[in-house]
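Student: final_6.csv is the file, holding CSV, C-alpha atoms:
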chain,number,residue,atom,x,y,z
A,377,MET,CA,-18.4,-2.0,4.7
A,378,LEU,CA,-17.2,1.6,4.8
A,379,ALA,CA,-15.6,3.1,1.7
A,380,GLU,CA,-14.3,6.4,0.6
A,381,LEU,CA,-14.5,7.4,-3.0
A,382,SER,CA,-13.1,10.2,-5.0
A,383,VAL,CA,-13.5,10.5,-8.7
A,384,PHE,CA,-12.3,13.4,-10.8
A,385,PRO,CA,-11.4,14.2,-14.5
A,386,LEU,CA,-7.8,14.8,-15.3
A,387,ASP,CA,-8.5,16.3,-18.7
A,388,LYS,CA,-10.5,19.4,-17.7
A,389,GLY,CA,-7.7,21.7,-16.7
A,390,GLY,CA,-8.5,21.4,-13.0
A,391,LYS,CA,-11.4,23.9,-13.2
A,392,GLY,CA,-15.2,23.4,-12.9
A,393,LEU,CA,-14.7,19.9,-11.6
A,394,SER,CA,-17.7,20.1,-9.2
A,395,HIS,CA,-20.0,19.6,-12.2
A,396,TYR,CA,-18.5,16.2,-12.8
A,397,VAL,CA,-18.3,15.4,-9.1
A,398,ALA,CA,-22.1,16.2,-8.8
A,399,GLY,CA,-22.8,13.4,-11.3
A,400,ALA,CA,-21.1,10.9,-9.0
A,401,ILE,CA,-22.9,12.2,-5.9
A,402,GLU,CA,-26.2,11.8,-7.7
A,403,ILE,CA,-25.4,8.1,-8.4
A,404,ILE,CA,-24.5,7.6,-4.8
A,405,GLU,CA,-27.7,9.3,-3.6
A,406,GLU,CA,-29.8,7.1,-5.9
A,407,SER,CA,-28.2,4.0,-4.5
A,408,GLY,CA,-30.0,4.5,-1.2
A,409,LEU,CA,-26.8,3.7,0.7
A,410,ASP,CA,-25.7,5.8,3.6
A,411,TYR,CA,-23.2,8.4,2.5
A,412,GLU,CA,-21.5,11.7,3.5
A,413,VAL,CA,-19.8,14.2,1.2
A,414,HIS,CA,-16.7,16.0,2.3
A,415,ALA,CA,-14.3,18.3,0.5
A,416,MET,CA,-12.0,15.6,-0.9
A,417,GLY,CA,-14.4,12.6,-1.4
A,418,THR,CA,-17.5,10.8,-0.3
A,419,LEU,CA,-17.9,8.1,2.4
A,420,ILE,CA,-20.3,5.3,1.5
A,421,GLU,CA,-21.5,2.6,3.9
A,422,GLY,CA,-23.5,-0.5,3.2
A,423,PRO,CA,-23.2,-4.2,2.1
A,424,GLY,CA,-20.0,-4.8,0.2
A,425,ASP,CA,-21.5,-5.8,-3.1
A,426,LYS,CA,-23.7,-2.7,-3.3
A,427,VAL,CA,-20.8,-0.4,-2.3
A,428,PHE,CA,-18.6,-1.9,-5.0
A,429,GLU,CA,-21.4,-1.6,-7.6
A,430,VAL,CA,-21.9,2.1,-6.9
A,431,ILE,CA,-18.2,2.8,-7.0
A,432,ARG,CA,-17.9,1.2,-10.4
A,433,LYS,CA,-21.0,3.1,-11.6
A,434,CYS,CA,-19.6,6.4,-10.5
A,435,HIS,CA,-16.3,5.7,-12.3
A,436,GLU,CA,-17.9,4.5,-15.5
A,437,ASN,CA,-20.3,7.4,-15.6
A,438,MET,CA,-17.5,9.9,-15.4
A,439,ALA,CA,-15.3,7.9,-17.9
A,440,ALA,CA,-18.2,8.1,-20.4
A,441,GLU,CA,-18.1,11.9,-20.2
A,442,CYS,CA,-14.3,12.5,-19.8
A,443,ASN,CA,-11.2,11.5,-21.6
A,444,ARG,CA,-9.1,10.7,-18.5
A,445,VAL,CA,-10.5,9.9,-15.0
A,446,VAL,CA,-8.7,9.4,-11.7
A,447,THR,CA,-10.5,7.3,-9.1
A,448,ASN,CA,-9.4,6.7,-5.6
A,449,VAL,CA,-11.1,4.1,-3.3
A,450,LYS,CA,-10.2,3.3,0.3
A,451,ILE,CA,-12.1,0.5,2.0
A,452,ASP,CA,-12.3,-0.4,5.7
A,453,ASP,CA,-14.2,-3.7,5.9
A,454,HIS,CA,-14.8,-4.7,9.5
A,455,LYS,CA,-16.8,-7.9,9.8
A,456,GLY,CA,-20.1,-7.4,11.6
A,457,VAL,CA,-19.5,-3.7,12.2
A,458,THR,CA,-22.0,-1.2,10.9
A,459,GLY,CA,-23.0,2.4,11.5
A,460,THR,CA,-19.4,3.5,11.5
A,461,LEU,CA,-20.1,6.6,9.5
A,462,LYS,CA,-21.1,8.3,12.8
A,463,ALA,CA,-19.7,6.0,15.4
A,464,LYS,CA,-16.0,6.4,14.4
A,465,VAL,CA,-16.0,10.1,14.8
A,466,ALA,CA,-17.9,9.9,18.1
A,467,SER,CA,-15.5,7.4,19.4
A,468,VAL,CA,-12.5,9.7,18.8
A,469,GLY,CA,-14.4,12.5,20.4
A,470,GLN,CA,-14.9,10.3,23.5
A,471,LYS,CA,-11.2,9.6,23.7
A,472,LEU,CA,-10.4,13.3,23.5
A,473,GLY,CA,-13.1,14.2,26.0
A,474,HIS,CA,-14.7,16.8,23.7
A,475,THR,CA,-16.6,16.8,20.4
A,476,VAL,CA,-14.4,17.0,17.3
A,477,GLN,CA,-14.9,19.4,14.5
A,478,LYS,CA,-16.9,17.7,11.8
A,479,ALA,CA,-17.5,18.3,8.1
A,480,CYS,CA,-20.7,20.3,8.6
A,481,GLY,CA,-20.6,22.9,5.9
B,1104,MET,CA,-3.4,23.7,0.5
B,1105,LEU,CA,-6.1,21.1,1.3
B,1106,ALA,CA,-4.9,17.7,2.6
B,1107,GLU,CA,-6.5,14.6,3.8
B,1108,LEU,CA,-4.7,12.5,6.4
B,1109,SER,CA,-5.3,9.1,7.8
B,1110,VAL,CA,-2.9,7.5,10.3
B,1111,PHE,CA,-3.5,4.2,12.0
B,1112,PRO,CA,-1.5,1.4,13.7
B,1113,LEU,CA,-1.3,-2.0,11.9
B,1114,ASP,CA,0.0,-3.9,14.9
B,1115,LYS,CA,-2.9,-3.5,17.2
B,1116,GLY,CA,-5.2,-6.2,15.9
B,1117,GLY,CA,-7.6,-3.6,14.3
B,1118,LYS,CA,-9.3,-2.9,17.6
B,1119,GLY,CA,-9.4,0.2,19.8
B,1120,LEU,CA,-7.8,2.3,17.1
B,1121,SER,CA,-9.7,5.4,18.1
B,1122,HIS,CA,-7.3,5.9,21.1
B,1123,TYR,CA,-4.4,6.3,18.6
B,1124,VAL,CA,-6.4,8.3,16.1
B,1125,ALA,CA,-7.3,10.7,19.0
B,1126,GLY,CA,-3.6,11.4,19.5
B,1127,ALA,CA,-3.4,12.6,15.9
B,1128,ILE,CA,-6.5,14.7,16.1
B,1129,GLU,CA,-5.1,16.4,19.2
B,1130,ILE,CA,-1.9,17.4,17.2
B,1131,ILE,CA,-4.0,18.8,14.4
B,1132,GLU,CA,-6.2,20.8,16.8
B,1133,GLU,CA,-3.1,22.2,18.5
B,1134,SER,CA,-1.7,23.3,15.1
B,1135,GLY,CA,-4.4,25.9,14.8
B,1136,LEU,CA,-5.1,24.9,11.2
B,1137,ASP,CA,-8.6,24.5,9.8
B,1138,TYR,CA,-9.7,20.9,9.9
B,1139,GLU,CA,-12.6,18.5,9.8
B,1140,VAL,CA,-12.7,14.9,11.1
B,1141,HIS,CA,-14.7,12.3,9.2
B,1142,ALA,CA,-15.0,8.5,9.6
B,1143,MET,CA,-11.9,7.6,7.5
B,1144,GLY,CA,-9.6,10.6,7.9
B,1145,THR,CA,-9.2,14.2,8.6
B,1146,LEU,CA,-9.1,17.2,6.2
B,1147,ILE,CA,-6.6,19.9,7.0
B,1148,GLU,CA,-6.4,23.3,5.2
B,1149,GLY,CA,-3.7,25.9,5.5
B,1150,PRO,CA,-0.3,27.0,4.2
B,1151,GLY,CA,1.6,24.1,2.6
B,1152,ASP,CA,4.6,24.1,5.0
B,1153,LYS,CA,2.4,24.1,8.1
B,1154,VAL,CA,0.2,21.3,6.7
B,1155,PHE,CA,3.2,19.2,5.8
B,1156,GLU,CA,4.6,19.8,9.3
B,1157,VAL,CA,1.5,18.7,11.1
B,1158,ILE,CA,1.2,15.6,8.9
B,1159,ARG,CA,4.8,14.6,9.7
B,1160,LYS,CA,4.1,15.2,13.4
B,1161,CYS,CA,1.0,13.0,13.4
B,1162,HIS,CA,2.8,10.2,11.8
B,1163,GLU,CA,5.9,10.4,14.0
B,1164,ASN,CA,3.8,10.6,17.1
B,1165,MET,CA,2.0,7.4,16.3
B,1166,ALA,CA,5.2,5.7,15.1
B,1167,ALA,CA,6.7,6.5,18.6
B,1168,GLU,CA,3.8,4.6,20.3
B,1169,CYS,CA,3.2,1.8,17.7
B,1170,ASN,CA,5.4,-0.8,16.0
B,1171,ARG,CA,3.8,-0.5,12.6
B,1172,VAL,CA,2.0,2.6,11.3
B,1173,VAL,CA,0.2,3.1,8.0
B,1174,THR,CA,-0.3,6.7,6.9
B,1175,ASN,CA,-2.2,8.0,3.8
B,1176,VAL,CA,-2.0,11.5,2.6
B,1177,LYS,CA,-3.9,13.1,-0.3
B,1178,ILE,CA,-3.2,16.7,-1.2
B,1179,ASP,CA,-5.1,19.0,-3.5
B,1180,ASP,CA,-2.9,22.1,-3.9
B,1181,HIS,CA,-4.7,24.8,-5.9
B,1182,LYS,CA,-2.7,28.0,-6.2
B,1183,GLY,CA,-4.5,31.0,-4.7
B,1184,VAL,CA,-7.5,29.0,-3.6
B,1185,THR,CA,-8.5,28.9,0.0
B,1186,GLY,CA,-11.5,28.1,2.1
B,1187,THR,CA,-12.2,25.0,0.1
B,1188,LEU,CA,-13.0,22.9,3.2
B,1189,LYS,CA,-16.5,24.4,2.9
B,1190,ALA,CA,-16.7,25.7,-0.6
B,1191,LYS,CA,-16.1,22.5,-2.4
B,1192,VAL,CA,-19.1,20.7,-0.9
B,1193,ALA,CA,-21.3,23.8,-1.3
B,1194,SER,CA,-20.3,24.0,-5.0
B,1195,VAL,CA,-21.3,20.4,-5.6
B,1196,GLY,CA,-24.7,21.1,-3.8
B,1197,GLN,CA,-25.2,24.0,-6.1
B,1198,LYS,CA,-24.7,21.9,-9.2
B,1199,LEU,CA,-27.2,19.3,-7.8
B,1200,GLY,CA,-29.7,22.0,-6.9
B,1201,HIS,CA,-30.0,20.7,-3.3
B,1202,THR,CA,-27.8,20.5,-0.2
B,1203,VAL,CA,-25.7,17.4,0.0
B,1204,GLN,CA,-25.5,15.1,3.0
B,1205,LYS,CA,-22.5,16.1,5.0
B,1206,ALA,CA,-20.4,14.6,7.7
B,1207,CYS,CA,-22.3,16.0,10.6
B,1208,GLY,CA,-22.2,13.3,13.2
C,1055,MET,CA,-7.6,1.0,-17.6
C,1056,LEU,CA,-4.7,1.1,-15.3
C,1057,ALA,CA,-5.3,0.4,-11.6
C,1058,GLU,CA,-3.2,0.0,-8.5
C,1059,LEU,CA,-4.5,-2.3,-5.7
C,1060,SER,CA,-3.4,-2.9,-2.2
C,1061,VAL,CA,-5.3,-5.2,0.2
C,1062,PHE,CA,-4.2,-6.1,3.6
C,1063,PRO,CA,-5.7,-7.4,6.9
C,1064,LEU,CA,-5.8,-5.0,9.8
C,1065,ASP,CA,-6.5,-7.7,12.4
C,1066,LYS,CA,-3.3,-9.8,12.2
C,1067,GLY,CA,-1.0,-7.6,14.2
C,1068,GLY,CA,0.9,-6.4,11.2
C,1069,LYS,CA,3.0,-9.6,10.9
C,1070,GLY,CA,3.0,-12.4,8.3
C,1071,LEU,CA,0.9,-10.3,6.0
C,1072,SER,CA,2.5,-11.7,2.8
C,1073,HIS,CA,0.5,-14.9,3.2
C,1074,TYR,CA,-2.7,-12.9,2.8
C,1075,VAL,CA,-1.2,-10.8,0.0
C,1076,ALA,CA,-0.2,-13.9,-1.9
C,1077,GLY,CA,-3.8,-14.9,-2.0
C,1078,ALA,CA,-4.7,-11.7,-3.8
C,1079,ILE,CA,-1.8,-12.0,-6.2
C,1080,GLU,CA,-3.0,-15.5,-7.1
C,1081,ILE,CA,-6.4,-14.1,-8.0
C,1082,ILE,CA,-4.8,-11.4,-10.2
C,1083,GLU,CA,-2.6,-14.0,-11.9
C,1084,GLU,CA,-5.6,-16.2,-12.7
C,1085,SER,CA,-7.5,-13.3,-14.2
C,1086,GLY,CA,-5.1,-13.2,-17.2
C,1087,LEU,CA,-4.8,-9.4,-16.9
C,1088,ASP,CA,-1.4,-7.7,-17.2
C,1089,TYR,CA,0.0,-6.9,-13.8
C,1090,GLU,CA,3.1,-6.0,-11.9
C,1091,VAL,CA,3.8,-6.5,-8.2
C,1092,HIS,CA,5.7,-3.9,-6.2
C,1093,ALA,CA,6.4,-3.6,-2.5
C,1094,MET,CA,3.3,-1.6,-1.7
C,1095,GLY,CA,0.7,-2.9,-4.1
C,1096,THR,CA,0.0,-4.4,-7.5
C,1097,LEU,CA,-0.6,-2.7,-10.8
C,1098,ILE,CA,-3.3,-4.2,-13.0
C,1099,GLU,CA,-4.1,-3.2,-16.6
C,1100,GLY,CA,-7.0,-4.3,-18.8
C,1101,PRO,CA,-10.6,-3.6,-19.7
C,1102,GLY,CA,-12.4,-1.6,-17.0
C,1103,ASP,CA,-15.0,-4.2,-16.2
C,1104,LYS,CA,-12.4,-7.0,-15.8
C,1105,VAL,CA,-10.2,-4.8,-13.6
C,1106,PHE,CA,-13.1,-3.9,-11.3
C,1107,GLU,CA,-14.1,-7.5,-11.1
C,1108,VAL,CA,-10.6,-8.7,-10.1
C,1109,ILE,CA,-10.3,-5.9,-7.5
C,1110,ARG,CA,-13.6,-6.9,-5.9
C,1111,LYS,CA,-12.6,-10.6,-5.9
C,1112,CYS,CA,-9.3,-9.8,-4.2
C,1113,HIS,CA,-11.0,-7.8,-1.5
C,1114,GLU,CA,-13.8,-10.3,-0.9
C,1115,ASN,CA,-11.4,-13.2,-0.8
C,1116,MET,CA,-9.4,-11.6,2.0
C,1117,ALA,CA,-12.5,-10.4,3.8
C,1118,ALA,CA,-13.6,-14.1,3.9
C,1119,GLU,CA,-10.4,-15.0,5.7
C,1120,CYS,CA,-9.9,-11.9,7.9
C,1121,ASN,CA,-11.9,-9.9,10.4
C,1122,ARG,CA,-10.9,-6.5,9.2
C,1123,VAL,CA,-9.5,-5.7,5.7
C,1124,VAL,CA,-8.2,-2.4,4.3
C,1125,THR,CA,-8.2,-2.0,0.5
C,1126,ASN,CA,-6.8,0.9,-1.5
C,1127,VAL,CA,-7.5,1.3,-5.2
C,1128,LYS,CA,-6.2,4.0,-7.5
C,1129,ILE,CA,-7.4,4.1,-11.1
C,1130,ASP,CA,-6.0,6.1,-14.0
C,1131,ASP,CA,-8.5,5.5,-16.9
C,1132,HIS,CA,-7.3,7.2,-20.0
C,1133,LYS,CA,-9.6,6.6,-23.0
C,1134,GLY,CA,-8.0,4.7,-25.8
C,1135,VAL,CA,-4.6,4.4,-24.0
C,1136,THR,CA,-3.2,0.9,-23.4
C,1137,GLY,CA,0.1,-0.6,-22.6
C,1138,THR,CA,0.9,2.0,-20.0
C,1139,LEU,CA,2.3,-0.5,-17.5
C,1140,LYS,CA,5.6,-0.2,-19.4
C,1141,ALA,CA,5.1,3.0,-21.4
C,1142,LYS,CA,4.7,5.4,-18.5
C,1143,VAL,CA,8.0,4.5,-16.9
C,1144,ALA,CA,9.8,4.6,-20.2
C,1145,SER,CA,8.3,8.0,-21.0
C,1146,VAL,CA,9.6,9.4,-17.7
C,1147,GLY,CA,13.1,7.9,-18.5
C,1148,GLN,CA,13.0,9.6,-21.9
C,1149,LYS,CA,12.4,13.0,-20.3
C,1150,LEU,CA,15.2,12.4,-17.8
C,1151,GLY,CA,17.6,11.2,-20.6
C,1152,HIS,CA,18.4,8.0,-18.7
C,1153,THR,CA,16.7,4.8,-17.6
C,1154,VAL,CA,14.9,5.1,-14.3
C,1155,GLN,CA,15.3,2.5,-11.5
C,1156,LYS,CA,12.5,0.1,-11.7
C,1157,ALA,CA,10.9,-2.4,-9.4
C,1158,CYS,CA,13.0,-5.4,-10.5
C,1159,GLY,CA,13.5,-7.4,-7.3
D,215,MET,CA,10.3,3.7,6.4
D,216,LEU,CA,8.7,2.7,3.1
D,217,ALA,CA,6.7,5.3,1.2
D,218,GLU,CA,4.9,5.5,-2.1
D,219,LEU,CA,4.6,8.9,-3.7
D,220,SER,CA,2.6,10.1,-6.7
D,221,VAL,CA,2.5,13.7,-7.7
D,222,PHE,CA,0.8,15.1,-10.8
D,223,PRO,CA,-0.6,18.4,-12.2
D,224,LEU,CA,-4.4,18.6,-12.5
D,225,ASP,CA,-4.3,21.7,-14.7
D,226,LYS,CA,-2.5,20.4,-17.7
D,227,GLY,CA,-5.4,18.6,-19.5
D,228,GLY,CA,-4.0,15.2,-18.6
D,229,LYS,CA,-1.5,15.1,-21.4
D,230,GLY,CA,2.3,15.3,-21.3
D,231,LEU,CA,2.4,14.7,-17.6
D,232,SER,CA,5.6,12.7,-17.8
D,233,HIS,CA,7.6,15.9,-18.1
D,234,TYR,CA,6.4,17.0,-14.7
D,235,VAL,CA,6.7,13.6,-13.2
D,236,ALA,CA,10.4,13.5,-14.4
D,237,GLY,CA,11.1,16.5,-12.3
D,238,ALA,CA,9.9,14.7,-9.2
D,239,ILE,CA,12.0,11.6,-10.0
D,240,GLU,CA,15.0,13.8,-10.4
D,241,ILE,CA,14.6,15.1,-6.8
D,242,ILE,CA,14.2,11.6,-5.5
D,243,GLU,CA,17.3,10.4,-7.4
D,244,GLU,CA,19.3,13.3,-5.9
D,245,SER,CA,18.2,12.5,-2.4
D,246,GLY,CA,20.3,9.3,-2.5
D,247,LEU,CA,17.5,7.3,-1.0
D,248,ASP,CA,16.5,3.9,-2.3
D,249,TYR,CA,13.7,4.1,-4.8
D,250,GLU,CA,11.8,2.4,-7.5
D,251,VAL,CA,9.6,3.9,-10.2
D,252,HIS,CA,6.4,2.2,-11.4
D,253,ALA,CA,3.6,3.2,-13.7
D,254,MET,CA,1.5,4.9,-11.0
D,255,GLY,CA,4.1,6.2,-8.5
D,256,THR,CA,7.5,5.8,-6.9
D,257,LEU,CA,8.5,3.8,-3.9
D,258,ILE,CA,11.0,5.5,-1.6
D,259,GLU,CA,12.8,3.8,1.4
D,260,GLY,CA,14.9,5.4,4.0
D,261,PRO,CA,14.9,7.2,7.4
D,262,GLY,CA,11.6,8.8,8.1
D,263,ASP,CA,12.8,12.4,8.2
D,264,LYS,CA,14.6,12.1,4.9
D,265,VAL,CA,11.6,10.5,3.2
D,266,PHE,CA,9.2,13.2,4.5
D,267,GLU,CA,11.7,15.8,3.3
D,268,VAL,CA,11.9,14.5,-0.3
D,269,ILE,CA,8.1,14.1,-0.5
D,270,ARG,CA,7.6,17.7,0.5
D,271,LYS,CA,10.3,18.8,-2.0
D,272,CYS,CA,8.7,16.9,-4.9
D,273,HIS,CA,5.3,18.4,-4.1
D,274,GLU,CA,6.6,22.0,-3.7
D,275,ASN,CA,8.7,21.7,-6.9
D,276,MET,CA,5.7,20.7,-9.0
D,277,ALA,CA,3.4,23.3,-7.2
D,278,ALA,CA,5.9,26.0,-8.2
D,279,GLU,CA,5.5,25.0,-11.9
D,280,CYS,CA,1.8,24.1,-12.0
D,281,ASN,CA,-1.4,25.8,-10.9
D,282,ARG,CA,-3.0,22.7,-9.3
D,283,VAL,CA,-1.2,19.7,-8.0
D,284,VAL,CA,-2.5,16.4,-6.6
D,285,THR,CA,-0.1,14.4,-4.4
D,286,ASN,CA,-0.8,11.0,-2.9
D,287,VAL,CA,1.4,9.5,-0.2
D,288,LYS,CA,1.1,6.1,1.4
D,289,ILE,CA,3.5,5.2,4.2
D,290,ASP,CA,4.2,1.8,5.8
D,291,ASP,CA,6.5,2.5,8.8
D,292,HIS,CA,7.5,-0.8,10.4
D,293,LYS,CA,9.9,-0.3,13.3
D,294,GLY,CA,13.3,-1.8,12.8
D,295,VAL,CA,12.4,-3.2,9.4
D,296,THR,CA,14.5,-2.1,6.4
D,297,GLY,CA,15.2,-3.4,2.9
D,298,THR,CA,11.5,-4.0,2.3
D,299,LEU,CA,11.6,-2.6,-1.3
D,300,LYS,CA,12.9,-6.0,-2.4
D,301,ALA,CA,12.0,-8.2,0.5
D,302,LYS,CA,8.2,-7.7,0.4
D,303,VAL,CA,7.9,-8.9,-3.2
D,304,ALA,CA,10.2,-11.8,-2.6
D,305,SER,CA,8.2,-12.9,0.5
D,306,VAL,CA,5.0,-12.9,-1.5
D,307,GLY,CA,6.8,-15.0,-4.2
D,308,GLN,CA,7.9,-17.5,-1.6
D,309,LYS,CA,4.3,-17.9,-0.3
D,310,LEU,CA,3.2,-18.5,-3.9
D,311,GLY,CA,6.0,-20.9,-4.7
D,312,HIS,CA,7.0,-19.0,-7.8
D,313,THR,CA,8.6,-15.6,-8.7
D,314,VAL,CA,6.0,-12.9,-9.2
D,315,GLN,CA,5.9,-10.6,-12.1
D,316,LYS,CA,7.6,-7.4,-11.2
D,317,ALA,CA,7.8,-3.9,-12.5
D,318,CYS,CA,10.8,-4.4,-14.8
D,319,GLY,CA,10.0,-2.2,-17.8
Would you write the structure of this file as structure tokens?
Tutor:
Amino acid sequence: MLAELSVFPLDKGGKGLSHYVAGAIEIIEESGLDYEVHAMGTLIEGPGDKVFEVIRKCHENMAAECNRVVTNVKIDDHKGVTGTLKAKVASVGQKLGHTVQKACG
Amino acid sequence: MLAELSVFPLDKGGKGLSHYVAGAIEIIEESGLDYEVHAMGTLIEGPGDKVFEVIRKCHENMAAECNRVVTNVKIDDHKGVTGTLKAKVASVGQKLGHTVQKACG
Amino acid sequence: MLAELSVFPLDKGGKGLSHYVAGAIEIIEESGLDYEVHAMGTLIEGPGDKVFEVIRKCHENMAAECNRVVTNVKIDDHKGVTGTLKAKVASVGQKLGHTVQKACG
Amino acid sequence: MLAELSVFPLDKGGKGLSHYVAGAIEIIEESGLDYEVHAMGTLIEGPGDKVFEVIRKCHENMAAECNRVVTNVKIDDHKGVTGTLKAKVASVGQKLGHTVQKACG
């Protein structure tokens, strides 16, 4: 299962949010699941139950620290398909005939 | 303005979607705006009017080819703040004290 | 916690999706949580752990029936605030000085 | 085209947001398009170009008043299909064999 997660506090005036986001990334890192961070969220890939668990943990962890938390989750659950974190972008590049610009910091 | 766009056809049986996605990436590339492709969407950064225009174009282009199209847009519009495509991920890494895993294919 | 859930199959050609969506609504109904169905998703309100559980169940149920499932979740978790399913729309109406058009079928 | 829009300020401490949301609803009302407000967003139905225009206007209007604005858009563009604001919920109810609970304030 491939999921995209974004979690952020709504009660912090929209400043210094990376401190809170870092807490979520830490939880994802500790989960041992494959992941990739981009500027508007984090992709997580793995067995459905583990992905759901880490998403819930990230949300609850931020909700414990903050008064109002907004969480967005997008899931693409394609039976029997794994390794899509890399494969999807490569497949688009193949169609275009050139490598696409990726989130490489 | 920083935006995340995902556009995909709902009437193609969920297979071979990268062909359609590639059409959207091509439009984004041609726009000249900063962008990054990841496995569940594309980040686009630039002046608000240009970003809205390219989003609309990507949707309309796919809707011309497909019978049913789902488009998701997430915008983070932070006044006077630019270059966030790279800066946001770097800022989270700084909080964590180590570089985060990015979408690097 | 207030959440919005949308779950749909990507492998059914974009037709007759209401059959699958109905399965998700049934799970939500059986949960006993407050909910409201609209044309692009369902709002669910209740304790965080119960809401997360019902979201996971809806997704897993459809994933058992379908080859590819897309799930979108949006959460607004405002500490100590309940009853927002009705209160939020009423509050916007108050600001406007007139009742707003609601999703009333 | 059926779209769901949510626009909110991130720099207001997560309180009193309905004032800002009301501004967006006003723009949607003035557009003359079909719409429905629910607790986490507004559904808008109409010709694609008009829907895109009203979405952009809602975002720009709030961005003029606020320092940081988050906008979420979800589009379901089904060729030749109109009146889905009501029809989709009715169709799910038909599958379930009973009327579903709608967003009726």
Student: Would you mind listing, as a PyMOL selection string, all residues of chain B that have at least one atom within 8 Å of chain A, where all atoms listed in the file are what counts?
Tutor: chain B and resi 1107+1121-1122+1124-1125+1129+1138-1143+1146+1187-1196+1198-1199+1203-1208
Student: What separation in Å, quoted to one decimal, exists between CA of Leu219 (chain D) and CA of Val287 (chain D)?
Tutor: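 Calculated distance between CA of Leu219 (chain D) and CA of Val287 (chain D) is 4.8 Å.
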Student: Could you jot down the CA of His1152 (chain C) to CA of Val221 (chain D) separation for me, Å, one decimal place?
Tutor: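 Distance reported for this atom pair: 20.2 Å.
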Student: Find the distance between CA of Ala400 (chain A) and CA of Phe384 (chain A) and write it in Å to one decimal.
Tutor: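 Atom-to-atom, CA of Ala400 (chain A) to CA of Phe384 (chain A), that is 9.3 Å.
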Student: A:Val446, A:Ile404, A:Ala439, A:Leu409: which is nearest Gly424 (chain A), counting all atoms listed in the file?
Tutor: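 Closest to Gly424 (chain A), using all atoms listed in the file: A:Leu409.
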Student: Can you tell me, as a count of residues only, what residues are no more than 9 Å from Lys1066 (chain C) when counting only C-alpha atoms, ignoring any on the same chain fewer than 5 positions away?
Tutor: 9
Student: Rank B:Gly1149, B:Lys1160, B:Gly1186, B:Val1154 by their smallest atom-to-atom distance to Thr1174 (chain B), using all atoms listed in the file, and report the top residue only.
Tutor: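 Looking at the shortest contact to Thr1174 (chain B), the residue is B:Lys1160.
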